[in-house]
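Asker: Right, I'll just put the structure down here and ask away after.
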Amino acid sequence: MADRVTVIGWDGSPLTDAARSALGAATLVAGAAHHLALPEVPPRAERIRLGSVALAARRIAQHRGTAVVLADGDPGFFGVVRTLRAPEYGLEVEVVPAVSSVAAAFARAGMPWDDARIVVAHSRDLRRAVNVCRAHTKVAVLTSPGAGPAELALLLDGVHRTFVICEELGTDREQVTVLTSDKAADHVWRDPNVVIVVGGSPGGAAAQGTGWLAGHDVGHPTGPRGWGLPAQAYGGVLGEGESVQLRTAQLARLGPQVGDLVWDIGAGAGAAAVEAARFGAAVIAVDAAPESCERTAALARRHGVQLQVVHGRAPQILEDLPEPDVVRVGGGGAEVVTACAARRPERIVTHAATRDEAESLGRALADGGYDVECALLQSVDLDTSAWVERERSVVFLLSGYRVPHP
């Protein structure tokens, strides 16, 4: 095992005395091509071009001598330190940090970043980074080859954002470009780069002033506390299938979270869509009624959340929507459920007023490859001034859970 492993962050600034000392004593140096070309790298040291960090870690673990790993920015922030410290390599790691590329990007843009979400984008899971950009007003995206500004812009189709693209920070080829997301796909961008994605309706810290929790755009709780809120929180009038009890059960089974894309088909007044967005998920609310779309958009602004409203009739309108993680079907029957199941979200929830309708929806879910759960929910709203029944509701709640492939 290497006698000592020092990880040095590099941001284009002159190396610190500690970094120079570690490099001068190194018998193995790993890094990108521009790191290995630094004049401080000892000419007799073994050099490893850093591609796979795991492969480099195995080689370092076998090395007898002093190793140095050079990395852009702060190597402890979405960097190589996490991999090098994995128990299987048994490495003792010292870190000489530098300014992270995210901090440098926001500095170039002249923007605060304590309220920004920060995500790492890879080609295999770019859509999750895109969903965070859909759901939040300020996001820094650490890109990678095949998951850069152009790909990010293409997947954000229909959602207007401003991109601040910072290419090759800390080098003599550094460039900062500001443009709208619909123009980003028309350019070829140099790696590495950081994309700051901003836009949407301001809320939380942007509206309230200084925040208190890094990585969240809230200075104070946005909207009323809790979820499964009463009708009064949404203007006092909710449609059929939007009752507090049903909506609460649906959201509990969907479990929307940051990085998810939620489809709310037949969004109605928008209560479920807004509550899913308050969990941090990206939401597309679909409804055939223009007035419902307008109410949902207004409700989202009122509660300070980001969501996309699509006017159209399911299932036809669903064909051009991006892939969902979970789906709530508020109306449309078995035909819509079948169309949603064909897109293979992890979960689908819907409801029925009668047993026959519930059986039809259950068959559509089962035929689409989902395990089906059905519960009969009965709730009674009481007038607490006299403790008498005010309203009774009975509904079938159906939940479909995608069957994993063997």
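Quick note on naming: the chains in the structure tokens go A, B, ... in the order shown, residues restart at 1 in each chain, and ligands are numbered from 1 in order of appearance.
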Name the residues in contact with Gly228 (chain A) at a cut-off of 12 Å, using only C-alpha atoms, excluding same-chain residues fewer than 2 positions from it; report them as a PDB file with N, CA, C and O atoms, in the first residue's frame.
Answerer:
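Saved as result_26.pdb:
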```pdb
ATOM      1  N   PRO A 224     -48.525  26.768   3.693  1.00  0.00           N
ATOM      2  CA  PRO A 224     -48.857  26.229   5.016  1.00  0.00           C
ATOM      3  C   PRO A 224     -48.056  24.978   5.334  1.00  0.00           C
ATOM      4  O   PRO A 224     -47.586  24.268   4.446  1.00  0.00           O
ATOM      5  N   ARG A 225     -47.900  24.717   6.614  1.00  0.00           N
ATOM      6  CA  ARG A 225     -47.140  23.554   7.056  1.00  0.00           C
ATOM      7  C   ARG A 225     -47.922  22.272   6.776  1.00  0.00           C
ATOM      8  O   ARG A 225     -49.139  22.224   6.893  1.00  0.00           O
ATOM      9  N   GLY A 226     -47.171  21.210   6.425  1.00  0.00           N
ATOM     10  CA  GLY A 226     -47.787  19.899   6.242  1.00  0.00           C
ATOM     11  C   GLY A 226     -48.214  19.638   4.813  1.00  0.00           C
ATOM     12  O   GLY A 226     -47.936  20.412   3.900  1.00  0.00           O
ATOM     13  N   PRO A 230     -56.292  20.852   3.711  1.00  0.00           N
ATOM     14  CA  PRO A 230     -57.731  20.982   3.453  1.00  0.00           C
ATOM     15  C   PRO A 230     -57.995  21.868   2.241  1.00  0.00           C
ATOM     16  O   PRO A 230     -57.118  22.593   1.761  1.00  0.00           O
ATOM     17  N   ALA A 231     -59.222  21.830   1.783  1.00  0.00           N
ATOM     18  CA  ALA A 231     -59.607  22.565   0.576  1.00  0.00           C
ATOM     19  C   ALA A 231     -59.342  24.058   0.712  1.00  0.00           C
ATOM     20  O   ALA A 231     -59.022  24.728  -0.278  1.00  0.00           O
ATOM     21  N   GLN A 232     -59.440  24.602   1.921  1.00  0.00           N
ATOM     22  CA  GLN A 232     -59.245  26.037   2.116  1.00  0.00           C
ATOM     23  C   GLN A 232     -57.858  26.484   1.671  1.00  0.00           C
ATOM     24  O   GLN A 232     -57.670  27.630   1.240  1.00  0.00           O
ATOM     25  N   ALA A 233     -56.878  25.593   1.774  1.00  0.00           N
ATOM     26  CA  ALA A 233     -55.518  25.946   1.357  1.00  0.00           C
ATOM     27  C   ALA A 233     -55.402  26.088  -0.149  1.00  0.00           C
ATOM     28  O   ALA A 233     -54.416  26.645  -0.648  1.00  0.00           O
ATOM     29  N   TYR A 234     -56.399  25.591  -0.876  1.00  0.00           N
ATOM     30  CA  TYR A 234     -56.359  25.613  -2.342  1.00  0.00           C
ATOM     31  C   TYR A 234     -57.532  26.389  -2.923  1.00  0.00           C
ATOM     32  O   TYR A 234     -58.033  26.072  -3.999  1.00  0.00           O
ATOM     33  N   GLU A 242     -60.449  14.764  -5.370  1.00  0.00           N
ATOM     34  CA  GLU A 242     -59.369  15.567  -4.789  1.00  0.00           C
ATOM     35  C   GLU A 242     -59.555  15.760  -3.289  1.00  0.00           C
ATOM     36  O   GLU A 242     -58.985  16.683  -2.716  1.00  0.00           O
ATOM     37  N   SER A 243     -60.319  14.915  -2.658  1.00  0.00           N
ATOM     38  CA  SER A 243     -60.553  15.065  -1.224  1.00  0.00           C
ATOM     39  C   SER A 243     -59.243  14.915  -0.458  1.00  0.00           C
ATOM     40  O   SER A 243     -58.279  14.307  -0.933  1.00  0.00           O
ATOM     41  N   VAL A 244     -59.218  15.488   0.723  1.00  0.00           N
ATOM     42  CA  VAL A 244     -58.012  15.438   1.549  1.00  0.00           C
ATOM     43  C   VAL A 244     -57.567  14.005   1.785  1.00  0.00           C
ATOM     44  O   VAL A 244     -56.395  13.650   1.614  1.00  0.00           O
ATOM     45  N   GLN A 245     -58.498  13.141   2.182  1.00  0.00           N
ATOM     46  CA  GLN A 245     -58.140  11.773   2.551  1.00  0.00           C
ATOM     47  C   GLN A 245     -57.611  10.990   1.345  1.00  0.00           C
ATOM     48  O   GLN A 245     -56.609  10.274   1.444  1.00  0.00           O
ATOM     49  N   LEU A 246     -58.275  11.136   0.183  1.00  0.00           N
ATOM     50  CA  LEU A 246     -57.835  10.419  -0.999  1.00  0.00           C
ATOM     51  C   LEU A 246     -56.487  10.950  -1.466  1.00  0.00           C
ATOM     52  O   LEU A 246     -55.572  10.172  -1.794  1.00  0.00           O
ATOM     53  N   ARG A 247     -56.342  12.253  -1.503  1.00  0.00           N
ATOM     54  CA  ARG A 247     -55.095  12.857  -1.965  1.00  0.00           C
ATOM     55  C   ARG A 247     -53.934  12.449  -1.061  1.00  0.00           C
ATOM     56  O   ARG A 247     -52.826  12.156  -1.539  1.00  0.00           O
ATOM     57  N   THR A 248     -54.168  12.424   0.241  1.00  0.00           N
ATOM     58  CA  THR A 248     -53.119  12.029   1.184  1.00  0.00           C
ATOM     59  C   THR A 248     -52.677  10.591   0.933  1.00  0.00           C
ATOM     60  O   THR A 248     -51.474  10.295   0.908  1.00  0.00           O
ATOM     61  N   ALA A 249     -53.628   9.698   0.732  1.00  0.00           N
ATOM     62  CA  ALA A 249     -53.302   8.293   0.482  1.00  0.00           C
ATOM     63  C   ALA A 249     -52.564   8.139  -0.849  1.00  0.00           C
ATOM     64  O   ALA A 249     -51.619   7.345  -0.964  1.00  0.00           O
ATOM     65  N   GLN A 250     -52.983   8.879  -1.873  1.00  0.00           N
ATOM     66  CA  GLN A 250     -52.309   8.794  -3.173  1.00  0.00           C
ATOM     67  C   GLN A 250     -50.859   9.248  -3.079  1.00  0.00           C
ATOM     68  O   GLN A 250     -49.949   8.580  -3.582  1.00  0.00           O
ATOM     69  N   LEU A 251     -50.632  10.391  -2.424  1.00  0.00           N
ATOM     70  CA  LEU A 251     -49.269  10.905  -2.307  1.00  0.00           C
ATOM     71  C   LEU A 251     -48.393   9.979  -1.469  1.00  0.00           C
ATOM     72  O   LEU A 251     -47.207   9.809  -1.749  1.00  0.00           O
ATOM     73  N   ALA A 252     -48.981   9.361  -0.449  1.00  0.00           N
ATOM     74  CA  ALA A 252     -48.210   8.432   0.379  1.00  0.00           C
ATOM     75  C   ALA A 252     -47.737   7.240  -0.436  1.00  0.00           C
ATOM     76  O   ALA A 252     -46.618   6.745  -0.235  1.00  0.00           O
ATOM     77  N   ALA A 271     -54.426  20.551  -6.610  1.00  0.00           N
ATOM     78  CA  ALA A 271     -53.954  20.335  -5.242  1.00  0.00           C
ATOM     79  C   ALA A 271     -52.888  19.245  -5.162  1.00  0.00           C
ATOM     80  O   ALA A 271     -51.846  19.415  -4.518  1.00  0.00           O
ATOM     81  N   ALA A 272     -53.120  18.101  -5.811  1.00  0.00           N
ATOM     82  CA  ALA A 272     -52.154  17.002  -5.759  1.00  0.00           C
ATOM     83  C   ALA A 272     -50.853  17.385  -6.455  1.00  0.00           C
ATOM     84  O   ALA A 272     -49.765  17.042  -5.990  1.00  0.00           O
ATOM     85  N   ALA A 273     -50.944  18.090  -7.591  1.00  0.00           N
ATOM     86  CA  ALA A 273     -49.746  18.511  -8.317  1.00  0.00           C
ATOM     87  C   ALA A 273     -48.893  19.434  -7.469  1.00  0.00           C
ATOM     88  O   ALA A 273     -47.666  19.288  -7.394  1.00  0.00           O
ATOM     89  N   VAL A 274     -49.529  20.391  -6.806  1.00  0.00           N
ATOM     90  CA  VAL A 274     -48.797  21.336  -5.974  1.00  0.00           C
ATOM     91  C   VAL A 274     -48.152  20.627  -4.789  1.00  0.00           C
ATOM     92  O   VAL A 274     -46.991  20.884  -4.439  1.00  0.00           O
ATOM     93  N   GLU A 275     -48.863  19.697  -4.177  1.00  0.00           N
ATOM     94  CA  GLU A 275     -48.290  19.005  -3.019  1.00  0.00           C
ATOM     95  C   GLU A 275     -47.123  18.112  -3.435  1.00  0.00           C
ATOM     96  O   GLU A 275     -46.129  18.011  -2.711  1.00  0.00           O
ATOM     97  N   ALA A 276     -47.213  17.470  -4.600  1.00  0.00           N
ATOM     98  CA  ALA A 276     -46.079  16.676  -5.086  1.00  0.00           C
ATOM     99  C   ALA A 276     -44.874  17.573  -5.326  1.00  0.00           C
ATOM    100  O   ALA A 276     -43.731  17.209  -5.014  1.00  0.00           O
ATOM    101  N   ARG A 278     -44.207  20.312  -3.763  1.00  0.00           N
ATOM    102  CA  ARG A 278     -43.678  20.753  -2.468  1.00  0.00           C
ATOM    103  C   ARG A 278     -42.736  19.723  -1.855  1.00  0.00           C
ATOM    104  O   ARG A 278     -41.921  20.056  -0.986  1.00  0.00           O
ATOM    105  N   PHE A 279     -42.801  18.476  -2.306  1.00  0.00           N
ATOM    106  CA  PHE A 279     -41.840  17.464  -1.870  1.00  0.00           C
ATOM    107  C   PHE A 279     -40.512  17.598  -2.604  1.00  0.00           C
ATOM    108  O   PHE A 279     -39.557  16.878  -2.300  1.00  0.00           O
TER     109      PHE A 279
END
```
Asker: Let's see if you can do this: from backbone DSSP, list all helix (DSSP H, G or I) residues in region 153-324 of chain A, as a PyMOL selection string.
Answerer: chain A and resi 153-155+181-184+205-208+231-234+244-254+271-278+290-303+316-320
Asker: Identify, on the basis of only C-alpha atoms, every residue whose closest approach to Arg392 (chain A) does not exceed 9 Å; exclude the query and any residue fewer than 2 positions from it along the same chain; express the result as a VMD selection string.
Answerer: chain A and resid 378 to 382 389 to 390 394
Asker: With DSSP run on the backbone, what are the strand (DSSP E or B) residues within region 215-401 of chain A? I'd like them as an MDAnalysis selection string.
Answerer: chainID A and resid 261:265 282:287 308:311 326:329 347:352 370:383 388:401
Asker: Quick one, how far is CA of Asp72 (chain A) from CA of Ala57 (chain A)?
Answerer: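 Between CA of Asp72 (chain A) and CA of Ala57 (chain A) the gap works out to 17.0 Å.
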Asker: Have a look at A:Gly239, A:Gly266, A:Pro112, A:Gly90 and name the one nearest to Gly215 (chain A); count only C-alpha atoms.
Answerer: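 The answer is A:Pro112, which sits nearest to Gly215 (chain A).
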Asker: Restricting the calculation to only C-alpha atoms, which member of A:Glu359, A:Glu291, A:Glu319, A:Asp325 is positioned closest to Asp260 (chain A)?
Answerer: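 With only C-alpha atoms as the atom set, the closest residue is A:Asp325.
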Asker: Distance table requested - region 38-154 of chain A against region 164-180 of chain A, cut-off 8 Å, only C-alpha atoms: one row per qualifying residue with the closest atom pair and its distance in Å to one decimal, ordered by chain and rising residue number, as JSON lines.
Answerer:
```
{"residue": "A:Ser101", "atom": "CA", "partner": "A:Leu169", "partner_atom": "CA", "distance": 7.0}
{"residue": "A:Ala104", "atom": "CA", "partner": "A:Leu169", "partner_atom": "CA", "distance": 7.4}
{"residue": "A:Ala105", "atom": "CA", "partner": "A:Cys166", "partner_atom": "CA", "distance": 6.1}
{"residue": "A:Arg108", "atom": "CA", "partner": "A:Val176", "partner_atom": "CA", "distance": 7.5}
{"residue": "A:Ala109", "atom": "CA", "partner": "A:Val164", "partner_atom": "CA", "distance": 7.3}
{"residue": "A:Pro149", "atom": "CA", "partner": "A:Ile165", "partner_atom": "CA", "distance": 7.4}
```
Asker: Just the selected residues (C-alpha atoms), exported as a short mmCIF file (atom, residue, chain, number, x, y, z; two decimals), in the first residue's frame, please.
Answerer:
```
data_model
loop_
_atom_site.label_atom_id
_atom_site.label_comp_id
_atom_site.auth_asym_id
_atom_site.auth_seq_id
_atom_site.Cartn_x
_atom_site.Cartn_y
_atom_site.Cartn_z
CA SER A 101 -15.80 24.41 -9.68
CA ALA A 104 -15.95 29.31 -9.08
CA ALA A 105 -18.88 29.19 -11.52
CA ARG A 108 -17.91 34.18 -12.34
CA ALA A 109 -21.66 34.72 -12.59
CA PRO A 149 -25.39 21.71 -21.70
#
```
Asker: Counting only C-alpha atoms, which of A:Glu294, A:Arg253, A:Asp356, A:Cys133 gets nearest to Asp157 (chain A)?
Answerer: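 Checking each candidate against Asp157 (chain A), we get A:Cys133 as the closest.
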Asker: Quick one: everything within 9 Å of Val99 (chain A), counting only C-alpha atoms, minus sequence neighbours fewer than 2 positions away in the same chain. Send it as a list in words.
Answerer: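 Those residues are Gly9, Trp10, Asp11, Asp72, Gly73, Asp74, Pro97, Ser101, Val102, Ala103 and Ala104 of chain A.
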Asker: Could you save those same residues with N, CA, C and O atoms as a compact mmCIF listing (two decimals), in the first residue's frame?
Answerer:
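File result-v2.txt, as written:
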```txt
# COMPACT_ATOMS: atom_id res chain seq x y z
N GLY A 9 -6.35 19.51 -4.80
CA GLY A 9 -7.29 20.20 -5.67
C GLY A 9 -6.59 21.28 -6.47
O GLY A 9 -5.65 21.93 -5.98
N TRP A 10 -7.06 21.47 -7.70
CA TRP A 10 -6.42 22.46 -8.59
C TRP A 10 -7.51 23.29 -9.24
O TRP A 10 -8.45 22.75 -9.85
N ASP A 11 -7.41 24.62 -9.10
CA ASP A 11 -8.41 25.51 -9.69
C ASP A 11 -7.79 26.53 -10.64
O ASP A 11 -8.42 27.53 -10.99
N ASP A 72 -9.49 18.52 -10.38
CA ASP A 72 -10.00 19.88 -10.53
C ASP A 72 -10.88 20.26 -9.34
O ASP A 72 -11.67 19.45 -8.85
N GLY A 73 -10.75 21.52 -8.91
CA GLY A 73 -11.62 22.05 -7.86
C GLY A 73 -11.34 21.43 -6.51
O GLY A 73 -10.22 21.04 -6.19
N ASP A 74 -12.39 21.33 -5.71
CA ASP A 74 -12.29 20.73 -4.39
C ASP A 74 -12.54 19.24 -4.53
O ASP A 74 -13.67 18.81 -4.81
N PRO A 97 -7.34 21.10 -0.43
CA PRO A 97 -8.47 21.51 -1.25
C PRO A 97 -8.17 22.75 -2.08
O PRO A 97 -7.20 23.48 -1.84
N SER A 101 -15.37 23.87 -8.39
CA SER A 101 -15.80 24.41 -9.68
C SER A 101 -17.18 25.06 -9.57
O SER A 101 -17.48 26.02 -10.29
N VAL A 102 -18.02 24.56 -8.66
CA VAL A 102 -19.34 25.18 -8.47
C VAL A 102 -19.18 26.57 -7.86
O VAL A 102 -19.79 27.55 -8.32
N ALA A 103 -18.34 26.70 -6.83
CA ALA A 103 -18.11 28.00 -6.23
C ALA A 103 -17.50 28.96 -7.25
O ALA A 103 -17.87 30.14 -7.31
N ALA A 104 -16.56 28.46 -8.06
CA ALA A 104 -15.95 29.31 -9.08
C ALA A 104 -16.97 29.76 -10.12
O ALA A 104 -16.97 30.92 -10.55
```
Asker: Name all residues at most 10 Å from Val329 (chain A) (count only C-alpha atoms; drop same-chain ones fewer than 3 positions away) and give them as a ChimeraX atom specification.
Answerer: /A:241,250,263-267,286,314,332-334,336-337,340,348-351
Asker: A:Arg58, A:His216, A:Arg20, A:His122: which is nearest Leu142 (chain A), counting only C-alpha atoms?
Answerer: A:His122
Asker: In Å, how far is it from CA of Gly369 (chain A) to CA of Pro256 (chain A)?
Answerer: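 Interatomic distance, CA of Gly369 (chain A) to CA of Pro256 (chain A): 21.0 Å.
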Asker: What is the CA of Val141 (chain A) to CA of Ala56 (chain A) distance in Å?
Answerer: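 It comes out at 25.2 Å.
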